[in-house]
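*Asks:* Structure in structure tokens, see below.
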Amino acid sequence: AKKLGSKKERTLAMIKPDSITKVGEIIQKIYDANLIVTKAKMTKFSWKQAADFYSEHQSKSFFNNLVQFMTSGSVIAMELMGDEAVSVWRKLLGPTDSSVAQKEASTSLRAQFGTDGTKNAGHGSDSLASAARELEFFFPSTAGHSPSSTAKFTDS
Ligand code: RTP
Ligand code: MG
């Protein structure tokens, strides 16, 4: 049962192809931040899937580089749950540009494992609405289970 006043959220976290070997350290940080991993899937994007996932950026100059990078290897998508999961996970990731993250001498995942503005270790939904869309992308709800149901682990 939810505690009154708590803001339990779900978010979509993704380990990008440059950081797939850091999965152990990254999951440790997730639990240290008081979030839990409720779903996980290792997969590889096709060009079309990556372009679809990042469709909001299709007009940007970096779009082709981004899709190239995201299709260069496997990714691990995870559903994270916890208080303010959306912002907590984005804070763990750090600034979008890993070279900026490194200048801050921060301990963020992008400072530790990323390289530049595109190869930046991980992804996190930027809002509850994005989280709903992105979770559905990786973990489609099946008949009889509402997307917001967390009562059961459904392997899809
Ligand atoms: P993400 O969506 O991956 O969590 O990162 P974000 O919100 O911090 O960044 P966003 O603006 O949504 O950009 C999505 C991803 O595109 C790549 N990117 N490259 N100038 C560049 O080269 C550039 N800018 C963005 C990054 O991989 C970024 O995470
Ligand atoms: Mg984003």
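Letters A, B, ... go to the chains of the structure tokens in the order shown; residues in each chain start at 1; ligands are counted from 1 in the same order.
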Could you list, as a PyMOL selection string, all protein and nucleic acid residues with an atom at most 8 Å from ligand 2, counting only C-alpha atoms and all ligand atoms?

*Replies:* chain A and resi 123-126

*Asks:* Counting only C-alpha atoms and all ligand atoms, what are the residues, protein, DNA or RNA alike, that approach ligand 1 to within 10 Å? I want them as a PyMOL selection string.

*Replies:* chain A and resi 12-16+53-54+56-57+60-67+69-70+89-90+93-98+110+114+116-127+130
